[in-house]
>>> print(open('data.tsv').read())   # TSV, N, CA and C atoms and all ligand atoms
chain	number	residue	atom	x	y	z
A	142	MET	N	111.77	164.00	55.03
A	142	MET	CA	110.50	163.96	54.29
A	142	MET	C	110.26	162.57	53.68
A	143	ILE	N	111.29	162.04	53.06
A	143	ILE	CA	111.13	160.72	52.44
A	143	ILE	C	110.85	159.67	53.51
A	144	GLU	N	111.53	159.78	54.65
A	144	GLU	CA	111.29	158.84	55.75
A	144	GLU	C	109.83	158.92	56.20
A	145	TRP	N	109.31	160.15	56.28
A	145	TRP	CA	107.93	160.34	56.71
A	145	TRP	C	106.97	159.66	55.73
A	146	ILE	N	107.24	159.83	54.44
A	146	ILE	CA	106.38	159.22	53.41
A	146	ILE	C	106.43	157.70	53.51
A	147	LYS	N	107.64	157.18	53.72
A	147	LYS	CA	107.77	155.72	53.87
A	147	LYS	C	106.94	155.22	55.04
A	148	LYS	N	107.06	155.95	56.17
A	148	LYS	CA	106.29	155.54	57.37
A	148	LYS	C	104.80	155.59	57.09
A	149	PHE	N	104.37	156.63	56.39
A	149	PHE	CA	102.95	156.77	56.07
A	149	PHE	C	102.47	155.55	55.29
A	150	PHE	N	103.22	155.17	54.28
A	150	PHE	CA	102.76	154.05	53.44
A	150	PHE	C	102.84	152.72	54.19
A	151	VAL	N	103.83	152.58	55.05
A	151	VAL	CA	103.91	151.34	55.83
A	151	VAL	C	102.68	151.21	56.72
A	152	SER	N	102.32	152.32	57.42
A	152	SER	CA	101.16	152.23	58.31
A	152	SER	C	99.87	152.11	57.49
A	153	PHE	N	99.83	152.75	56.33
A	153	PHE	CA	98.65	152.66	55.47
A	153	PHE	C	98.45	151.21	55.03
A	154	GLU	N	99.52	150.56	54.59
A	154	GLU	CA	99.42	149.16	54.17
A	154	GLU	C	98.95	148.27	55.32
A	155	GLY	N	99.46	148.58	56.52
A	155	GLY	CA	99.08	147.79	57.67
A	155	GLY	C	97.59	147.82	57.94
A	156	LYS	N	96.97	148.98	57.67
A	156	LYS	CA	95.55	149.12	57.96
A	156	LYS	C	94.67	148.50	56.89
A	157	THR	N	95.22	148.26	55.72
A	157	THR	CA	94.38	147.76	54.64
A	157	THR	C	94.63	146.28	54.37
A	158	THR	N	95.28	145.58	55.28
A	158	THR	CA	95.49	144.15	55.05
A	158	THR	C	94.12	143.46	54.97
A	159	GLN	N	94.02	142.55	54.06
A	159	GLN	CA	92.76	141.86	53.81
A	159	GLN	C	92.42	140.97	55.01
A	160	PRO	N	91.11	140.85	55.33
A	160	PRO	CA	90.74	139.89	56.37
A	160	PRO	C	91.05	138.47	55.89
A	161	ALA	N	91.29	137.58	56.85
A	161	ALA	CA	91.61	136.20	56.50
A	161	ALA	C	90.45	135.59	55.74
A	162	LYS	N	90.77	134.86	54.68
A	162	LYS	CA	89.74	134.23	53.85
A	162	LYS	C	89.66	132.74	54.13
A	163	CYS	N	88.44	132.23	54.06
A	163	CYS	CA	88.22	130.79	54.14
A	163	CYS	C	88.91	130.14	52.96
A	164	GLN	N	89.69	129.11	53.21
A	164	GLN	CA	90.45	128.47	52.14
A	164	GLN	C	89.61	127.47	51.35
A	165	VAL	N	88.33	127.36	51.70
A	165	VAL	CA	87.43	126.50	50.92
A	165	VAL	C	86.55	127.35	50.01
A	166	CYS	N	85.87	128.35	50.59
A	166	CYS	CA	84.90	129.11	49.80
A	166	CYS	C	85.31	130.56	49.56
A	167	GLY	N	86.30	131.05	50.29
A	167	GLY	CA	86.77	132.41	50.05
A	167	GLY	C	86.08	133.48	50.87
A	168	LEU	N	85.06	133.12	51.66
A	168	LEU	CA	84.45	134.11	52.55
A	168	LEU	C	85.38	134.39	53.72
A	169	ASN	N	85.00	135.36	54.55
A	169	ASN	CA	85.85	135.69	55.70
A	169	ASN	C	85.98	134.49	56.64
A	170	ALA	N	87.20	134.16	56.98
A	170	ALA	CA	87.45	133.02	57.86
A	170	ALA	C	87.18	133.40	59.31
A	171	THR	N	86.73	132.44	60.08
A	171	THR	CA	86.51	132.66	61.51
A	171	THR	C	87.30	131.66	62.34
A	172	ASN	N	87.69	130.55	61.75
A	172	ASN	CA	88.34	129.49	62.51
A	172	ASN	C	89.57	128.97	61.77
A	173	TYR	N	90.40	128.30	62.52
A	173	TYR	CA	91.41	127.45	61.92
A	173	TYR	C	90.94	126.02	62.04
A	174	MET	N	91.24	125.20	61.06
A	174	MET	CA	91.02	123.77	61.19
A	174	MET	C	92.38	123.10	61.09
A	175	LEU	N	92.69	122.28	62.08
A	175	LEU	CA	93.95	121.56	62.09
A	175	LEU	C	93.67	120.10	61.75
A	176	ILE	N	94.29	119.63	60.69
A	176	ILE	CA	94.17	118.21	60.31
A	176	ILE	C	95.48	117.54	60.66
A	177	GLU	N	95.37	116.50	61.45
A	177	GLU	CA	96.58	115.80	61.89
A	177	GLU	C	96.45	114.35	61.46
A	178	PHE	N	97.42	113.87	60.72
A	178	PHE	CA	97.41	112.49	60.26
A	178	PHE	C	98.17	111.62	61.24
A	179	LYS	N	97.65	110.40	61.47
A	179	LYS	CA	98.34	109.42	62.31
A	179	LYS	C	98.24	108.06	61.65
A	180	THR	N	99.17	107.18	62.01
A	180	THR	CA	99.06	105.81	61.51
A	180	THR	C	97.91	105.12	62.24
A	181	LEU	N	97.53	103.95	61.81
A	181	LEU	CA	96.44	103.23	62.48
A	181	LEU	C	96.83	102.84	63.89
A	182	GLU	N	98.16	102.83	64.17
A	182	GLU	CA	98.61	102.58	65.55
A	182	GLU	C	98.66	103.89	66.35
A	183	LEU	N	98.11	104.94	65.77
A	183	LEU	CA	98.06	106.27	66.38
A	183	LEU	C	99.44	106.89	66.59
A	184	GLU	N	100.40	106.45	65.77
A	184	GLU	CA	101.71	107.09	65.85
A	184	GLU	C	101.70	108.36	65.00
A	185	GLU	N	102.41	109.34	65.50
A	185	GLU	CA	102.47	110.64	64.83
A	185	GLU	C	103.10	110.52	63.44
A	186	ILE	N	102.51	111.21	62.50
A	186	ILE	CA	103.10	111.37	61.18
A	186	ILE	C	103.36	112.87	61.02
A	187	GLU	N	104.52	113.20	60.50
A	187	GLU	CA	104.83	114.63	60.33
A	187	GLU	C	104.04	115.20	59.16
A	188	GLU	N	102.74	115.13	59.28
A	188	GLU	CA	101.89	115.62	58.20
A	188	GLU	C	100.68	116.29	58.84
A	189	LYS	N	100.72	117.60	58.84
A	189	LYS	CA	99.61	118.36	59.43
A	189	LYS	C	99.19	119.44	58.45
A	190	ILE	N	97.93	119.76	58.49
A	190	ILE	CA	97.40	120.84	57.66
A	190	ILE	C	96.67	121.80	58.58
A	191	LEU	N	97.03	123.08	58.51
A	191	LEU	CA	96.33	124.11	59.27
A	191	LEU	C	95.70	125.03	58.24
A	192	MET	N	94.39	125.08	58.23
A	192	MET	CA	93.74	125.93	57.24
A	192	MET	C	92.68	126.81	57.86
A	193	LYS	N	92.50	127.97	57.23
A	193	LYS	CA	91.49	128.92	57.70
A	193	LYS	C	90.15	128.55	57.09
A	194	MET	N	89.12	128.66	57.91
A	194	MET	CA	87.78	128.33	57.43
A	194	MET	C	86.75	129.28	58.00
A	195	CYS	N	85.65	129.43	57.27
A	195	CYS	CA	84.51	130.19	57.79
A	195	CYS	C	83.66	129.24	58.63
A	196	ASN	N	82.70	129.81	59.35
A	196	ASN	CA	81.83	128.98	60.20
A	196	ASN	C	81.08	127.94	59.38
A	197	HIS	N	80.58	128.35	58.20
A	197	HIS	CA	79.77	127.46	57.38
A	197	HIS	C	80.58	126.23	56.93
A	198	CYS	N	81.79	126.47	56.44
A	198	CYS	CA	82.60	125.35	55.96
A	198	CYS	C	83.05	124.47	57.12
A	199	SER	N	83.31	125.08	58.29
A	199	SER	CA	83.66	124.28	59.47
A	199	SER	C	82.52	123.34	59.82
A	200	LYS	N	81.29	123.86	59.75
A	200	LYS	CA	80.12	123.05	60.08
A	200	LYS	C	79.97	121.91	59.06
A	201	ASP	N	80.22	122.22	57.78
A	201	ASP	CA	80.15	121.18	56.74
A	201	ASP	C	81.10	120.02	57.06
A	202	VAL	N	82.32	120.37	57.50
A	202	VAL	CA	83.31	119.34	57.82
A	202	VAL	C	82.81	118.50	58.99
A	203	LEU	N	82.30	119.16	60.03
A	203	LEU	CA	81.78	118.43	61.18
A	203	LEU	C	80.61	117.53	60.77
A	204	ASP	N	79.71	118.06	59.94
A	204	ASP	CA	78.55	117.27	59.51
A	204	ASP	C	78.98	116.03	58.72
A	205	LYS	N	80.05	116.20	57.92
A	205	LYS	CA	80.50	115.10	57.08
A	205	LYS	C	81.26	114.05	57.88
A	206	TYR	N	82.20	114.52	58.73
A	206	TYR	CA	83.11	113.56	59.38
A	206	TYR	C	82.77	113.27	60.84
A	207	ASN	N	81.92	114.10	61.44
A	207	ASN	CA	81.60	113.89	62.85
A	207	ASN	C	80.16	114.33	63.11
A	208	PRO	N	79.18	113.71	62.40
A	208	PRO	CA	77.79	114.17	62.51
A	208	PRO	C	77.23	114.03	63.92
A	209	GLU	N	77.74	113.06	64.67
A	209	GLU	CA	77.23	112.86	66.04
A	209	GLU	C	77.90	113.79	67.04
A	210	ARG	N	78.88	114.55	66.57
A	210	ARG	CA	79.66	115.46	67.44
A	210	ARG	C	80.23	114.67	68.63
A	211	ASN	N	80.80	113.52	68.32
A	211	ASN	CA	81.29	112.65	69.37
A	211	ASN	C	82.72	112.24	69.08
A	212	PRO	N	83.71	112.60	69.84
A	212	PRO	CA	83.60	113.42	71.04
A	212	PRO	C	83.26	114.86	70.69
A	213	ALA	N	82.79	115.58	71.66
A	213	ALA	CA	82.39	116.97	71.42
A	213	ALA	C	83.57	117.75	70.85
A	214	PRO	N	83.30	118.62	69.91
A	214	PRO	CA	84.40	119.42	69.38
A	214	PRO	C	84.97	120.33	70.44
A	215	ILE	N	86.25	120.61	70.31
A	215	ILE	CA	86.87	121.55	71.22
A	215	ILE	C	86.41	122.94	70.82
A	216	ILE	N	85.68	123.58	71.71
A	216	ILE	CA	85.08	124.87	71.37
A	216	ILE	C	86.14	125.97	71.40
A	217	LYS	N	86.96	125.94	72.42
A	217	LYS	CA	87.91	127.04	72.58
A	217	LYS	C	89.31	126.45	72.74
A	218	TRP	N	90.21	127.00	72.00
A	218	TRP	CA	91.59	126.53	72.06
A	218	TRP	C	92.44	127.67	72.59
A	219	ASN	N	93.12	127.41	73.69
A	219	ASN	CA	93.96	128.44	74.29
A	219	ASN	C	95.39	128.23	73.83
A	220	LYS	N	95.98	129.24	73.18
A	220	LYS	CA	97.33	129.11	72.64
A	220	LYS	C	98.36	128.79	73.70
A	221	GLU	N	98.07	129.18	74.95
A	221	GLU	CA	99.05	128.97	76.02
A	221	GLU	C	99.09	127.50	76.46
A	222	GLU	N	98.02	126.75	76.17
A	222	GLU	CA	97.97	125.37	76.65
A	222	GLU	C	98.85	124.46	75.81
A	301	ZN	ZN	84.08	128.81	53.86
>>> encode(input="data.tsv", output="structure tokens")
Amino acid sequence: MIEWIKKFFVSFEGKTTQPAKCQVCGLNATNYMLIEFKTLELEEIEEKILMKMCNHCSKDVLDKYNPERNPAPIIKWNKEE
């Protein structure tokens, strides 16, 4: 009986996990934004930031740092690549 109750609560918790929140405004996130720092010689620096963002905040970042959309943003990222 106790095992059954434990299982019930484990599955219950699993179903009520909060949707991912935008780390800027707190609305539901739709994207990840990966920030990768490099030296001016384009050498890798072990400093990366991966943050969840909503569509609106993602667009704000693009408008601020890449208003010409040049190069075109990567629309789809395949985890296998
Ligand atoms: Zn947001």
>>> residues_near_ligand(input="data.tsv", ligand="ligand ZN 301 (chain A)", cutoff="5 Å", atoms="all atoms listed in the file", output="list in words")
Cys163, Val165, Cys166, Gly167, Leu168, Met194, Cys195 and Cys198 of chain A
>>> closest_residue(input="data.tsv", among="A:Ala161, A:Leu175, A:Leu181, A:Ala170", to="His197 of chain A", atoms="only C-alpha atoms")
A:Ala170
>>> residues_around(input="data.tsv", residues="Phe178 of chain A", least_positions_apart="4", cutoff="7 Å", atoms="all atoms listed in the file", output="PyMOL selection string")
chain A and resi 184-190
>>> atom_distance(input="data.tsv", atom1="atom CA of Thr171 of chain A", atom2="atom CA of Val202 of chain A")
14.2 Å
>>> atom_distance(input="data.tsv", atom1="atom C of Ile176 of chain A", atom2="atom CA of Lys193 of chain A")
12.4 Å
>>> decode(input="data.tsv", residues="segment 178-211 of chain A", atoms="N, CA and C atoms", output="short mmCIF file (atom, residue, chain, number, x, y, z; two decimals), in the first residue's frame")
data_model
loop_
_atom_site.label_atom_id
_atom_site.label_comp_id
_atom_site.auth_asym_id
_atom_site.auth_seq_id
_atom_site.Cartn_x
_atom_site.Cartn_y
_atom_site.Cartn_z
N PHE A 178 31.19 32.97 -25.71
CA PHE A 178 32.21 34.01 -25.73
C PHE A 178 33.45 33.50 -26.43
N LYS A 179 34.10 34.38 -27.21
CA LYS A 179 35.37 34.05 -27.86
C LYS A 179 36.29 35.25 -27.74
N THR A 180 37.59 34.98 -27.84
CA THR A 180 38.54 36.09 -27.87
C THR A 180 38.41 36.79 -29.22
N LEU A 181 39.04 37.93 -29.37
CA LEU A 181 38.98 38.64 -30.65
C LEU A 181 39.67 37.85 -31.75
N GLU A 182 40.53 36.89 -31.35
CA GLU A 182 41.14 36.00 -32.35
C GLU A 182 40.23 34.79 -32.63
N LEU A 183 39.02 34.85 -32.10
CA LEU A 183 38.02 33.80 -32.26
C LEU A 183 38.42 32.48 -31.61
N GLU A 184 39.29 32.58 -30.59
CA GLU A 184 39.62 31.37 -29.85
C GLU A 184 38.55 31.12 -28.80
N GLU A 185 38.28 29.84 -28.59
CA GLU A 185 37.25 29.44 -27.64
C GLU A 185 37.60 29.88 -26.22
N ILE A 186 36.61 30.36 -25.52
CA ILE A 186 36.73 30.63 -24.09
C ILE A 186 35.72 29.71 -23.42
N GLU A 187 36.13 29.08 -22.34
CA GLU A 187 35.20 28.18 -21.65
C GLU A 187 34.15 28.97 -20.89
N GLU A 188 33.41 29.75 -21.63
CA GLU A 188 32.39 30.59 -21.00
C GLU A 188 31.18 30.61 -21.91
N LYS A 189 30.19 29.84 -21.53
CA LYS A 189 28.96 29.78 -22.33
C LYS A 189 27.77 29.95 -21.41
N ILE A 190 26.74 30.53 -21.96
CA ILE A 190 25.49 30.69 -21.21
C ILE A 190 24.38 30.10 -22.05
N LEU A 191 23.61 29.19 -21.46
CA LEU A 191 22.45 28.63 -22.13
C LEU A 191 21.24 29.05 -21.32
N MET A 192 20.38 29.84 -21.92
CA MET A 192 19.22 30.29 -21.17
C MET A 192 17.94 30.12 -21.94
N LYS A 193 16.87 29.92 -21.18
CA LYS A 193 15.54 29.75 -21.78
C LYS A 193 14.93 31.11 -22.01
N MET A 194 14.29 31.24 -23.16
CA MET A 194 13.65 32.52 -23.49
C MET A 194 12.33 32.31 -24.18
N CYS A 195 11.45 33.30 -24.06
CA CYS A 195 10.20 33.28 -24.82
C CYS A 195 10.48 33.89 -26.20
N ASN A 196 9.51 33.77 -27.09
CA ASN A 196 9.69 34.31 -28.45
C ASN A 196 9.94 35.81 -28.42
N HIS A 197 9.21 36.53 -27.55
CA HIS A 197 9.31 37.98 -27.50
C HIS A 197 10.72 38.42 -27.09
N CYS A 198 11.24 37.81 -26.04
CA CYS A 198 12.58 38.20 -25.57
C CYS A 198 13.65 37.79 -26.57
N SER A 199 13.45 36.65 -27.25
CA SER A 199 14.40 36.24 -28.29
C SER A 199 14.45 37.29 -29.39
N LYS A 200 13.27 37.80 -29.77
CA LYS A 200 13.20 38.80 -30.83
C LYS A 200 13.88 40.09 -30.38
N ASP A 201 13.68 40.46 -29.10
CA ASP A 201 14.34 41.66 -28.57
C ASP A 201 15.86 41.55 -28.70
N VAL A 202 16.40 40.36 -28.39
CA VAL A 202 17.85 40.16 -28.48
C VAL A 202 18.30 40.31 -29.93
N LEU A 203 17.56 39.68 -30.85
CA LEU A 203 17.92 39.79 -32.26
C LEU A 203 17.84 41.24 -32.73
N ASP A 204 16.79 41.96 -32.32
CA ASP A 204 16.63 43.36 -32.73
C ASP A 204 17.78 44.21 -32.22
N LYS A 205 18.24 43.90 -31.00
CA LYS A 205 19.30 44.71 -30.40
C LYS A 205 20.67 44.40 -30.99
N TYR A 206 20.97 43.08 -31.13
CA TYR A 206 22.34 42.71 -31.50
C TYR A 206 22.49 42.29 -32.96
N ASN A 207 21.39 42.02 -33.63
CA ASN A 207 21.47 41.56 -35.01
C ASN A 207 20.26 42.06 -35.80
N PRO A 208 20.06 43.41 -35.84
CA PRO A 208 18.84 43.94 -36.47
C PRO A 208 18.74 43.60 -37.95
N GLU A 209 19.88 43.42 -38.61
CA GLU A 209 19.85 43.10 -40.05
C GLU A 209 19.64 41.62 -40.29
N ARG A 210 19.62 40.84 -39.23
CA ARG A 210 19.49 39.37 -39.32
C ARG A 210 20.57 38.81 -40.26
N ASN A 211 21.79 39.29 -40.06
CA ASN A 211 22.87 38.90 -40.95
C ASN A 211 24.06 38.41 -40.13
#
